[in-house]
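In what follows, a single structure is set out as structure tokens and then discussed.
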4 protein chains.
Amino acid sequence: MFQLNLKDHSPLYQQIKEQMKTMIISGALKADEKIPSVRELAQMLTINPNTIQKAYKELEQEGFIYSIRAKGSFVTPRDNILKEVRINELMTNLEKTVRELIYVQVPCQQVVLYIKKLYAEEGSTADD
Amino acid sequence: MFQLNLKDHSPLYQQIKEQMKTMIISGALKADEKIPSVRELAQMLTINPNTIQKAYKELEQEGFIYSIRAKGSFVTPRDNILKEVRINELMTNLEKTVRELIYVQVPCQQVVLYIKKLYAEEGSTADD
Amino acid sequence: MFQLNLKDHSPLYQQIKEQMKTMIISGALKADEKIPSVRELAQMLTINPNTIQKAYKELEQEGFIYSIRAKGSFVTPRDNILKEVRINELMTNLEKTVRELIYVQVPCQQVVLYIKKLYAEEGSTADD
Amino acid sequence: MFQLNLKDHSPLYQQIKEQMKTMIISGALKADEKIPSVRELAQMLTINPNTIQKAYKELEQEGFIYSIRAKGSFVTPRDNILKEVRINELMTNLEKTVRELIYVQVPCQQVVLYIKKLYAEEGSTADD
DNA sequence: GTGGTCTAGACCACC
DNA sequence: GTGGTCTAGACCACT
């Protein structure tokens, strides 16, 4: 389920955050679905519960999950996510990547086709 | 020339790397142009030369600059850059960003138009 | 009647307390009016009776309600409330809020006008 | 300097946050002034550095302090604080307190005079 | 020396 | 059993 890389320079809790986000975004975790409890996941990954706690707390602050005391943590339905700020960040990120793609002379058409392919994939599985 | 943000939590040497890369990619620094020496830049930014050293070392490893002993450091012409690895990284990065854009329901067309606009801008100034 | 927010990190029993207090203060619940029994309210909100119990117990300790065995719980008439301690708490709270308002440079007049408006509203409906 | 109450139900890190905020708001700590390092304060209060860390991190997220790696933590100048959201919270808080003051029949004039007094105090010491 | 990350193990409030 | 808080002690990256 999760693959942690201890050699990587990025902190464990961020790796957990990233992978959880990926699972939510990819649709592997559905809206309002329960995610593993802090202790469960800690045991699964054989790391300290505090590290999971930190990851979950930040995921909650960023709006990807919500937690209910004595119940567990759950995936925020995507329509409830505060989108505007995030979209700005994503577009800035996109711009930076594309500018470098231009620099290394990847043709426009290749990039556009790639993006259309990604949209096509998702559109058929997760739209609606 | 450089704008360092001490309050930002990203390390100074990375901020320097990023800004140097931006200047190379944007064309502000031309191929084979000399960039400031470690000591010069350290003095300009009033920070420790070790910090600059680290930034330059990584830029060289990533192929953006090359250095000649007793001469200084210079911008690698873009045709000499080892592109394949970098392109892979960029495409992976692109995929992650686009998947999240899909998740927050930004329409395909908006993304594609944005990318075409970026290509158009650069095409007229730096292409060829 | 009551709106519980499970995602909120404040305990359920406090949410119930707060809302009950608000209803008493606003006049929605009159003096000596009967409030729902523990079991009734638990059923209405589909939560554990213990949680309601805890809320009622604290409301009683703070003097907002009183209970009669085998009869139920009732709203304390406002003249019977032990006011002095509570007023001290409120004034301390007020001081803290106002000091921060000063810090973020909200002008005195704006605060004063706001308070006068609140008094005017209540004065016409519930005073006397 | 700091007074922690171990018996209090509120977490230690929040007590630290509150007191630090009070000191910033009261002007006891000036803009860009260095506050004690994580370890220093931990030693002063004889509590664990992690607890201080948590308090500082949240204070930084809320904009009251900023930290620079390998340098320390510093007070954010008040003009740089993101005010609008905070003002809304404060006004809501104010409303709740005032409504209860009305309920326990504290006269409007007493409240208004109290607020004017607070503004007068601050105005003479910290304005400009 | 500073802030940041992590562990192992404990205790608490809530439901 | 769940999330949240706390301790004691360790290690790391950065400057």
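A note on labels: chains of the structure tokens are A, B, ... as shown, every chain counts residues from 1, and ligands are counted from 1 in their shown order.
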Give the helix (DSSP H, G or I) residues of chain A, as DSSP finds them on the backbone, and put them as an NGL selection string.
:A and (12-26 or 38-45 or 49-61 or 78-80 or 83-103 or 108-126)
Which residues of chain D come within 9 Å of chain C, and what is each one's closest atom pair and distance in Å (one decimal), counting only C-alpha atoms, sorted by chain and residue number, as a tab-separated table?
residue	atom	partner	partner_atom	distance
D:Thr22	CA	C:Lys96	CA	8.4
D:Ile25	CA	C:Tyr103	CA	5.9
D:Ser26	CA	C:Arg99	CA	7.6
D:Gly27	CA	C:Tyr103	CA	8.9
D:Arg78	CA	C:Val104	CA	7.1
D:Asp79	CA	C:Val104	CA	8.0
D:Ile81	CA	C:Val104	CA	8.2
D:Lys83	CA	C:Val104	CA	6.6
D:Arg86	CA	C:Val104	CA	8.6
D:Ile87	CA	C:Leu101	CA	7.1
D:Leu90	CA	C:Thr97	CA	6.3
D:Met91	CA	C:Thr97	CA	8.4
D:Asn93	CA	C:Thr97	CA	7.4
D:Leu94	CA	C:Thr97	CA	6.6
D:Glu95	CA	C:Leu118	CA	7.6
D:Lys96	CA	C:Thr22	CA	8.7
D:Thr97	CA	C:Leu90	CA	6.3
D:Val98	CA	C:Ile115	CA	7.1
D:Arg99	CA	C:Leu118	CA	7.3
D:Glu100	CA	C:Ile25	CA	6.5
D:Leu101	CA	C:Leu90	CA	7.0
D:Ile102	CA	C:Tyr119	CA	6.9
D:Tyr103	CA	C:Ile25	CA	5.9
D:Val104	CA	C:Lys83	CA	6.6
D:Gln105	CA	C:Asp127	CA	8.5
D:Val106	CA	C:Ile87	CA	8.1
D:Pro107	CA	C:Tyr119	CA	8.8
D:Cys108	CA	C:Tyr119	CA	6.6
D:Gln109	CA	C:Lys116	CA	8.9
D:Val111	CA	C:Ile115	CA	8.3
D:Val112	CA	C:Val112	CA	6.1
D:Tyr114	CA	C:Glu95	CA	8.5
D:Ile115	CA	C:Val98	CA	7.1
D:Lys116	CA	C:Cys108	CA	7.0
D:Leu118	CA	C:Arg99	CA	7.3
D:Tyr119	CA	C:Cys108	CA	6.5
D:Glu122	CA	C:Ile102	CA	7.6
D:Gly123	CA	C:Ile102	CA	8.7
D:Ala126	CA	C:Tyr103	CA	9.0
Could those residues be written to a file, using C-alpha atoms, as an mmCIF file, in the first residue's frame?
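Heads up, here's the output in result-v7.cif:
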data_model
loop_
_atom_site.group_PDB
_atom_site.id
_atom_site.type_symbol
_atom_site.label_atom_id
_atom_site.label_comp_id
_atom_site.auth_asym_id
_atom_site.auth_seq_id
_atom_site.Cartn_x
_atom_site.Cartn_y
_atom_site.Cartn_z
ATOM 1 C CA THR D 22 -0.096 38.257 24.947
ATOM 2 C CA ILE D 25 0.209 42.099 21.609
ATOM 3 C CA SER D 26 1.063 44.017 24.763
ATOM 4 C CA GLY D 27 4.239 45.279 23.159
ATOM 5 C CA ARG D 78 2.305 43.894 13.203
ATOM 6 C CA ASP D 79 1.810 45.530 9.838
ATOM 7 C CA ILE D 81 0.178 40.209 9.883
ATOM 8 C CA LYS D 83 -5.390 40.863 9.492
ATOM 9 C CA ARG D 86 -8.334 37.460 12.342
ATOM 10 C CA ILE D 87 -10.508 40.559 12.694
ATOM 11 C CA LEU D 90 -12.287 38.684 16.965
ATOM 12 C CA MET D 91 -15.559 40.414 16.139
ATOM 13 C CA ASN D 93 -15.844 36.491 19.728
ATOM 14 C CA LEU D 94 -16.700 40.018 20.834
ATOM 15 C CA GLU D 95 -20.314 39.546 19.865
ATOM 16 C CA LYS D 96 -20.638 36.374 21.888
ATOM 17 C CA THR D 97 -19.146 37.970 24.976
ATOM 18 C CA VAL D 98 -21.268 41.075 24.701
ATOM 19 C CA ARG D 99 -24.483 39.110 24.244
ATOM 20 C CA GLU D 100 -23.788 37.319 27.478
ATOM 21 C CA LEU D 101 -22.924 40.586 29.215
ATOM 22 C CA ILE D 102 -26.296 41.873 28.090
ATOM 23 C CA TYR D 103 -27.942 38.744 29.460
ATOM 24 C CA VAL D 104 -26.425 39.234 32.910
ATOM 25 C CA GLN D 105 -27.566 42.849 32.721
ATOM 26 C CA VAL D 106 -24.276 44.695 32.694
ATOM 27 C CA PRO D 107 -25.201 48.159 31.417
ATOM 28 C CA CYS D 108 -24.031 49.277 28.006
ATOM 29 C CA GLN D 109 -22.271 52.309 29.369
ATOM 30 C CA VAL D 111 -18.855 48.113 28.791
ATOM 31 C CA VAL D 112 -18.226 51.086 26.535
ATOM 32 C CA TYR D 114 -14.168 49.919 29.868
ATOM 33 C CA ILE D 115 -13.267 49.609 26.201
ATOM 34 C CA LYS D 116 -12.454 53.292 25.892
ATOM 35 C CA LEU D 118 -8.287 50.072 27.206
ATOM 36 C CA TYR D 119 -7.895 52.079 24.022
ATOM 37 C CA GLU D 122 -2.625 51.527 24.535
ATOM 38 C CA GLY D 123 -2.944 54.687 22.530
ATOM 39 C CA ALA D 126 2.058 51.853 21.556
#
- request: Would you return as a count of residues only the members of chain C that DSSP assigns to strand (DSSP E or B) on this structure's backbone?
  value: 10
Quick one: which residues from chain A are at most 7 Å off chain E, using only C-alpha atoms (C1' of nucleotides), as a PyMOL selection string?
chain A and resi 11+48+69-70
Transformed chain C, reference chain B, in-order C-alpha pairing, as a short mmCIF file (atom, residue, chain, number, x, y, z; two decimals) with N, CA and C atoms, in the first residue's frame:
data_model
loop_
_atom_site.label_atom_id
_atom_site.label_comp_id
_atom_site.auth_asym_id
_atom_site.auth_seq_id
_atom_site.Cartn_x
_atom_site.Cartn_y
_atom_site.Cartn_z
N MET C 1 19.60 41.51 -8.24
CA MET C 1 19.83 40.32 -9.07
C MET C 1 19.18 39.09 -8.41
N PHE C 2 19.67 38.76 -7.21
CA PHE C 2 19.06 37.64 -6.49
C PHE C 2 18.23 38.16 -5.33
N GLN C 3 17.14 37.49 -5.08
CA GLN C 3 16.29 37.88 -3.96
C GLN C 3 16.18 36.71 -3.00
N LEU C 4 16.92 36.77 -1.91
CA LEU C 4 16.84 35.68 -0.93
C LEU C 4 15.77 35.99 0.11
N ASN C 5 15.03 34.97 0.48
CA ASN C 5 14.00 35.12 1.49
C ASN C 5 14.36 34.29 2.70
N LEU C 6 14.89 34.96 3.71
CA LEU C 6 15.34 34.23 4.90
C LEU C 6 14.18 33.57 5.64
N LYS C 7 13.00 34.18 5.53
CA LYS C 7 11.86 33.62 6.28
C LYS C 7 11.36 32.33 5.65
N ASP C 8 11.61 32.20 4.37
CA ASP C 8 11.22 30.98 3.67
C ASP C 8 11.95 29.80 4.31
N HIS C 9 11.25 28.66 4.41
CA HIS C 9 11.88 27.52 5.06
C HIS C 9 12.78 26.72 4.13
N SER C 10 12.77 27.02 2.85
CA SER C 10 13.68 26.27 1.97
C SER C 10 15.10 26.81 2.15
N PRO C 11 16.08 25.90 2.12
CA PRO C 11 17.47 26.29 2.37
C PRO C 11 17.93 27.37 1.39
N LEU C 12 18.83 28.22 1.86
CA LEU C 12 19.33 29.30 1.02
C LEU C 12 19.96 28.77 -0.26
N TYR C 13 20.73 27.70 -0.14
CA TYR C 13 21.44 27.22 -1.33
C TYR C 13 20.46 26.76 -2.41
N GLN C 14 19.28 26.30 -1.98
CA GLN C 14 18.28 25.90 -2.97
C GLN C 14 17.63 27.12 -3.61
N GLN C 15 17.42 28.15 -2.83
CA GLN C 15 16.87 29.37 -3.39
C GLN C 15 17.81 29.91 -4.47
N ILE C 16 19.11 29.85 -4.17
CA ILE C 16 20.09 30.33 -5.15
C ILE C 16 20.06 29.46 -6.40
N LYS C 17 20.03 28.14 -6.19
CA LYS C 17 19.93 27.21 -7.33
C LYS C 17 18.73 27.54 -8.20
N GLU C 18 17.58 27.65 -7.57
CA GLU C 18 16.34 27.91 -8.30
C GLU C 18 16.43 29.18 -9.13
N GLN C 19 16.97 30.23 -8.51
CA GLN C 19 17.00 31.50 -9.20
C GLN C 19 18.01 31.48 -10.34
N MET C 20 19.10 30.78 -10.11
CA MET C 20 20.09 30.66 -11.18
C MET C 20 19.47 29.89 -12.35
N LYS C 21 18.79 28.80 -12.04
CA LYS C 21 18.13 28.02 -13.08
C LYS C 21 17.13 28.87 -13.85
N THR C 22 16.34 29.63 -13.11
CA THR C 22 15.34 30.48 -13.76
C THR C 22 16.00 31.45 -14.72
N MET C 23 17.13 32.02 -14.30
CA MET C 23 17.81 32.98 -15.16
C MET C 23 18.38 32.31 -16.41
N ILE C 24 18.86 31.09 -16.23
CA ILE C 24 19.38 30.37 -17.39
C ILE C 24 18.24 30.03 -18.34
N ILE C 25 17.16 29.48 -17.77
CA ILE C 25 16.04 29.04 -18.59
C ILE C 25 15.38 30.21 -19.32
N SER C 26 15.29 31.33 -18.63
CA SER C 26 14.63 32.48 -19.24
C SER C 26 15.50 33.15 -20.30
N GLY C 27 16.77 32.79 -20.31
CA GLY C 27 17.65 33.40 -21.29
C GLY C 27 18.36 34.65 -20.77
N ALA C 28 18.13 34.99 -19.51
CA ALA C 28 18.82 36.16 -18.95
C ALA C 28 20.33 35.90 -18.89
N LEU C 29 20.68 34.64 -18.72
CA LEU C 29 22.09 34.25 -18.82
C LEU C 29 22.27 33.44 -20.09
N LYS C 30 23.19 33.88 -20.94
CA LYS C 30 23.38 33.22 -22.24
C LYS C 30 24.35 32.03 -22.10
N ALA C 31 24.38 31.21 -23.14
CA ALA C 31 25.29 30.07 -23.17
C ALA C 31 26.74 30.54 -23.05
N ASP C 32 27.51 29.83 -22.24
CA ASP C 32 28.94 30.10 -22.04
C ASP C 32 29.22 31.44 -21.37
N GLU C 33 28.17 32.10 -20.91
CA GLU C 33 28.39 33.34 -20.17
C GLU C 33 28.97 33.02 -18.80
N LYS C 34 29.82 33.90 -18.32
CA LYS C 34 30.41 33.71 -17.00
C LYS C 34 29.43 34.14 -15.92
N ILE C 35 29.28 33.32 -14.89
CA ILE C 35 28.44 33.73 -13.77
C ILE C 35 29.35 34.19 -12.63
N PRO C 36 28.81 34.93 -11.66
CA PRO C 36 29.67 35.48 -10.60
C PRO C 36 30.44 34.36 -9.88
N SER C 37 31.63 34.68 -9.42
CA SER C 37 32.40 33.70 -8.66
C SER C 37 31.75 33.47 -7.31
N VAL C 38 32.13 32.38 -6.69
CA VAL C 38 31.58 32.05 -5.38
C VAL C 38 31.76 33.21 -4.42
N ARG C 39 32.97 33.73 -4.37
CA ARG C 39 33.23 34.79 -3.39
C ARG C 39 32.48 36.09 -3.71
N GLU C 40 32.45 36.44 -5.00
CA GLU C 40 31.71 37.63 -5.41
C GLU C 40 30.24 37.56 -4.97
N LEU C 41 29.62 36.43 -5.35
CA LEU C 41 28.19 36.30 -5.05
C LEU C 41 27.96 36.28 -3.54
N ALA C 42 28.86 35.62 -2.82
CA ALA C 42 28.73 35.57 -1.35
C ALA C 42 28.75 36.98 -0.78
N GLN C 43 29.62 37.80 -1.33
CA GLN C 43 29.72 39.17 -0.84
C GLN C 43 28.46 39.97 -1.20
N MET C 44 28.02 39.79 -2.46
CA MET C 44 26.81 40.49 -2.89
C MET C 44 25.62 40.19 -1.99
N LEU C 45 25.50 38.90 -1.63
CA LEU C 45 24.32 38.50 -0.85
C LEU C 45 24.59 38.53 0.66
N THR C 46 25.80 38.86 1.01
CA THR C 46 26.23 38.86 2.42
C THR C 46 25.86 37.57 3.13
N ILE C 47 26.21 36.46 2.48
CA ILE C 47 26.04 35.17 3.14
C ILE C 47 27.34 34.39 3.03
N ASN C 48 27.39 33.25 3.67
CA ASN C 48 28.60 32.45 3.72
C ASN C 48 28.95 31.84 2.36
N PRO C 49 30.21 31.94 1.92
CA PRO C 49 30.62 31.37 0.63
C PRO C 49 30.29 29.87 0.51
N ASN C 50 30.33 29.15 1.64
CA ASN C 50 30.00 27.72 1.59
C ASN C 50 28.61 27.48 0.99
N THR C 51 27.70 28.39 1.30
CA THR C 51 26.33 28.24 0.83
C THR C 51 26.29 28.35 -0.69
N ILE C 52 27.02 29.32 -1.25
CA ILE C 52 27.09 29.48 -2.70
C ILE C 52 27.75 28.25 -3.32
N GLN C 53 28.84 27.86 -2.68
CA GLN C 53 29.59 26.69 -3.15
C GLN C 53 28.66 25.50 -3.37
N LYS C 54 27.83 25.25 -2.37
CA LYS C 54 26.92 24.11 -2.42
C LYS C 54 25.94 24.25 -3.58
N ALA C 55 25.44 25.46 -3.78
CA ALA C 55 24.49 25.71 -4.87
C ALA C 55 25.16 25.44 -6.22
N TYR C 56 26.35 25.99 -6.40
CA TYR C 56 27.06 25.83 -7.68
C TYR C 56 27.38 24.36 -7.94
N LYS C 57 27.79 23.66 -6.89
CA LYS C 57 28.14 22.26 -7.03
C LYS C 57 26.95 21.47 -7.57
N GLU C 58 25.79 21.71 -7.00
CA GLU C 58 24.61 20.97 -7.45
C GLU C 58 24.18 21.40 -8.85
N LEU C 59 24.32 22.67 -9.15
CA LEU C 59 23.98 23.13 -10.50
C LEU C 59 24.90 22.46 -11.52
N GLU C 60 26.14 22.27 -11.13
CA GLU C 60 27.08 21.63 -12.04
C GLU C 60 26.71 20.16 -12.22
N GLN C 61 26.38 19.50 -11.10
CA GLN C 61 25.98 18.10 -11.19
C GLN C 61 24.76 17.92 -12.07
N GLU C 62 23.86 18.88 -12.01
CA GLU C 62 22.65 18.77 -12.82
C GLU C 62 22.87 19.25 -14.26
N GLY C 63 24.06 19.75 -14.53
CA GLY C 63 24.40 20.07 -15.91
C GLY C 63 24.06 21.47 -16.36
N PHE C 64 23.62 22.34 -15.47
CA PHE C 64 23.24 23.67 -15.89
C PHE C 64 24.44 24.60 -16.05
N ILE C 65 25.48 24.34 -15.28
CA ILE C 65 26.69 25.16 -15.41
C ILE C 65 27.90 24.23 -15.47
N TYR C 66 29.03 24.77 -15.93
CA TYR C 66 30.28 24.02 -15.86
C TYR C 66 31.34 24.98 -15.34
N SER C 67 32.38 24.43 -14.70
CA SER C 67 33.38 25.33 -14.14
C SER C 67 34.76 24.95 -14.64
N ILE C 68 35.58 25.96 -14.80
CA ILE C 68 36.96 25.76 -15.24
C ILE C 68 37.86 26.30 -14.15
N ARG C 69 38.79 25.46 -13.71
CA ARG C 69 39.64 25.87 -12.59
C ARG C 69 40.34 27.17 -12.89
N ALA C 70 40.32 28.05 -11.93
CA ALA C 70 41.03 29.34 -12.03
C ALA C 70 40.40 30.30 -13.05
N LYS C 71 39.29 29.89 -13.65
CA LYS C 71 38.62 30.78 -14.61
C LYS C 71 37.26 31.23 -14.08
N GLY C 72 36.54 30.27 -13.53
CA GLY C 72 35.20 30.61 -13.04
C GLY C 72 34.17 29.61 -13.50
N SER C 73 32.88 29.96 -13.33
CA SER C 73 31.80 29.07 -13.72
C SER C 73 31.03 29.68 -14.88
N PHE C 74 30.52 28.81 -15.77
CA PHE C 74 29.87 29.27 -16.99
C PHE C 74 28.58 28.51 -17.26
N VAL C 75 27.70 29.13 -18.03
CA VAL C 75 26.41 28.51 -18.36
C VAL C 75 26.60 27.46 -19.45
N THR C 76 26.09 26.26 -19.20
CA THR C 76 26.15 25.20 -20.20
C THR C 76 25.20 25.53 -21.35
N PRO C 77 25.69 25.48 -22.62
CA PRO C 77 24.78 25.68 -23.75
C PRO C 77 23.68 24.62 -23.71
N ARG C 78 22.47 25.01 -24.06
CA ARG C 78 21.37 24.09 -23.78
C ARG C 78 21.45 22.81 -24.59
N ASP C 79 22.12 22.83 -25.71
CA ASP C 79 22.20 21.60 -26.50
C ASP C 79 23.11 20.56 -25.87
N ASN C 80 23.97 21.03 -24.96
CA ASN C 80 24.89 20.08 -24.32
C ASN C 80 24.31 19.45 -23.06
N ILE C 81 23.18 19.96 -22.61
CA ILE C 81 22.60 19.42 -21.38
C ILE C 81 22.16 17.98 -21.60
N LEU C 82 22.39 17.16 -20.58
CA LEU C 82 21.93 15.78 -20.63
C LEU C 82 20.42 15.81 -20.44
N LYS C 83 19.71 15.67 -21.54
CA LYS C 83 18.29 15.97 -21.46
C LYS C 83 17.42 14.81 -20.98
N GLU C 84 17.75 13.59 -21.39
CA GLU C 84 16.76 12.53 -21.20
C GLU C 84 16.28 12.35 -19.76
N VAL C 85 17.23 12.28 -18.84
CA VAL C 85 16.83 12.09 -17.44
C VAL C 85 15.93 13.23 -16.99
N ARG C 86 16.39 14.45 -17.30
CA ARG C 86 15.64 15.63 -16.87
C ARG C 86 14.23 15.65 -17.44
N ILE C 87 14.11 15.29 -18.71
CA ILE C 87 12.77 15.28 -19.32
C ILE C 87 11.85 14.31 -18.60
N ASN C 88 12.40 13.15 -18.24
CA ASN C 88 11.58 12.20 -17.49
C ASN C 88 11.08 12.80 -16.19
N GLU C 89 11.96 13.43 -15.47
CA GLU C 89 11.56 14.08 -14.22
C GLU C 89 10.46 15.10 -14.46
N LEU C 90 10.68 15.91 -15.49
CA LEU C 90 9.71 16.97 -15.77
C LEU C 90 8.35 16.40 -16.13
N MET C 91 8.35 15.33 -16.91
CA MET C 91 7.07 14.76 -17.31
C MET C 91 6.35 14.14 -16.11
N THR C 92 7.10 13.52 -15.21
CA THR C 92 6.49 12.96 -14.00
C THR C 92 5.86 14.07 -13.17
N ASN C 93 6.64 15.13 -13.04
CA ASN C 93 6.16 16.30 -12.31
C ASN C 93 4.88 16.84 -12.95
N LEU C 94 4.93 16.96 -14.26
CA LEU C 94 3.77 17.44 -15.01
C LEU C 94 2.55 16.56 -14.74
N GLU C 95 2.77 15.26 -14.78
CA GLU C 95 1.66 14.34 -14.56
C GLU C 95 1.01 14.58 -13.21
N LYS C 96 1.84 14.70 -12.19
CA LYS C 96 1.31 14.89 -10.84
C LYS C 96 0.47 16.17 -10.76
N THR C 97 1.02 17.23 -11.32
CA THR C 97 0.30 18.50 -11.26
C THR C 97 -1.03 18.40 -12.02
N VAL C 98 -0.98 17.81 -13.20
CA VAL C 98 -2.20 17.74 -14.01
C VAL C 98 -3.24 16.87 -13.33
N ARG C 99 -2.82 15.76 -12.73
CA ARG C 99 -3.80 14.90 -12.05
C ARG C 99 -4.53 15.68 -10.95
N GLU C 100 -3.77 16.52 -10.25
CA GLU C 100 -4.45 17.29 -9.20
C GLU C 100 -5.35 18.36 -9.80
N LEU C 101 -4.92 18.93 -10.91
CA LEU C 101 -5.79 19.91 -11.60
C LEU C 101 -7.10 19.25 -12.03
N ILE C 102 -6.99 18.02 -12.51
CA ILE C 102 -8.20 17.28 -12.88
C ILE C 102 -9.07 17.10 -11.64
N TYR C 103 -8.42 16.73 -10.52
CA TYR C 103 -9.16 16.46 -9.29
C TYR C 103 -9.96 17.68 -8.84
N VAL C 104 -9.34 18.87 -8.95
CA VAL C 104 -10.06 20.07 -8.53
C VAL C 104 -10.88 20.66 -9.68
N GLN C 105 -11.06 19.84 -10.71
CA GLN C 105 -12.00 20.13 -11.80
C GLN C 105 -11.69 21.38 -12.64
N VAL C 106 -10.41 21.61 -12.86
CA VAL C 106 -10.05 22.63 -13.84
C VAL C 106 -10.20 21.99 -15.22
N PRO C 107 -10.93 22.63 -16.13
CA PRO C 107 -11.18 22.00 -17.43
C PRO C 107 -9.92 21.84 -18.28
N CYS C 108 -9.90 20.78 -19.06
CA CYS C 108 -8.76 20.44 -19.92
C CYS C 108 -8.37 21.63 -20.79
N GLN C 109 -9.36 22.24 -21.38
CA GLN C 109 -9.08 23.31 -22.34
C GLN C 109 -8.30 24.46 -21.70
N GLN C 110 -8.67 24.79 -20.46
CA GLN C 110 -8.00 25.89 -19.78
C GLN C 110 -6.51 25.59 -19.62
N VAL C 111 -6.20 24.36 -19.26
CA VAL C 111 -4.81 23.96 -19.06
C VAL C 111 -4.06 24.01 -20.40
N VAL C 112 -4.68 23.46 -21.41
CA VAL C 112 -4.03 23.40 -22.72
C VAL C 112 -3.76 24.80 -23.26
N LEU C 113 -4.75 25.66 -23.13
CA LEU C 113 -4.58 27.04 -23.62
C LEU C 113 -3.43 27.73 -22.89
N TYR C 114 -3.36 27.50 -21.60
CA TYR C 114 -2.32 28.11 -20.79
C TYR C 114 -0.93 27.68 -21.28
N ILE C 115 -0.82 26.39 -21.56
CA ILE C 115 0.46 25.86 -22.02
C ILE C 115 0.82 26.43 -23.40
N LYS C 116 -0.17 26.49 -24.27
CA LYS C 116 0.10 27.04 -25.60
C LYS C 116 0.56 28.48 -25.51
N LYS C 117 -0.03 29.21 -24.57
CA LYS C 117 0.36 30.61 -24.38
C LYS C 117 1.83 30.68 -23.97
N LEU C 118 2.23 29.82 -23.04
CA LEU C 118 3.63 29.82 -22.58
C LEU C 118 4.57 29.52 -23.74
N TYR C 119 4.19 28.54 -24.55
CA TYR C 119 5.04 28.19 -25.70
C TYR C 119 5.13 29.35 -26.68
N ALA C 120 4.01 30.02 -26.88
CA ALA C 120 3.99 31.14 -27.83
C ALA C 120 4.94 32.25 -27.38
N GLU C 121 4.86 32.60 -26.10
CA GLU C 121 5.75 33.63 -25.55
C GLU C 121 7.20 33.31 -25.80
N GLU C 122 7.60 32.12 -25.39
CA GLU C 122 9.00 31.73 -25.50
C GLU C 122 9.43 31.62 -26.95
N GLY C 123 8.53 31.02 -27.73
CA GLY C 123 8.86 30.78 -29.13
C GLY C 123 9.35 32.03 -29.84
N SER C 124 8.70 33.15 -29.52
CA SER C 124 9.04 34.38 -30.23
C SER C 124 10.35 34.99 -29.74
N THR C 125 10.73 34.67 -28.48
CA THR C 125 11.95 35.31 -27.95
C THR C 125 13.19 34.42 -27.99
N ALA C 126 13.03 33.15 -27.56
CA ALA C 126 14.25 32.36 -27.35
C ALA C 126 14.41 31.15 -28.27
N ASP C 127 13.35 30.80 -28.97
CA ASP C 127 13.46 29.58 -29.77
C ASP C 127 14.36 29.83 -30.98
N ASP C 128 15.33 28.95 -31.07
CA ASP C 128 16.30 29.04 -32.19
C ASP C 128 17.30 30.18 -31.98
#
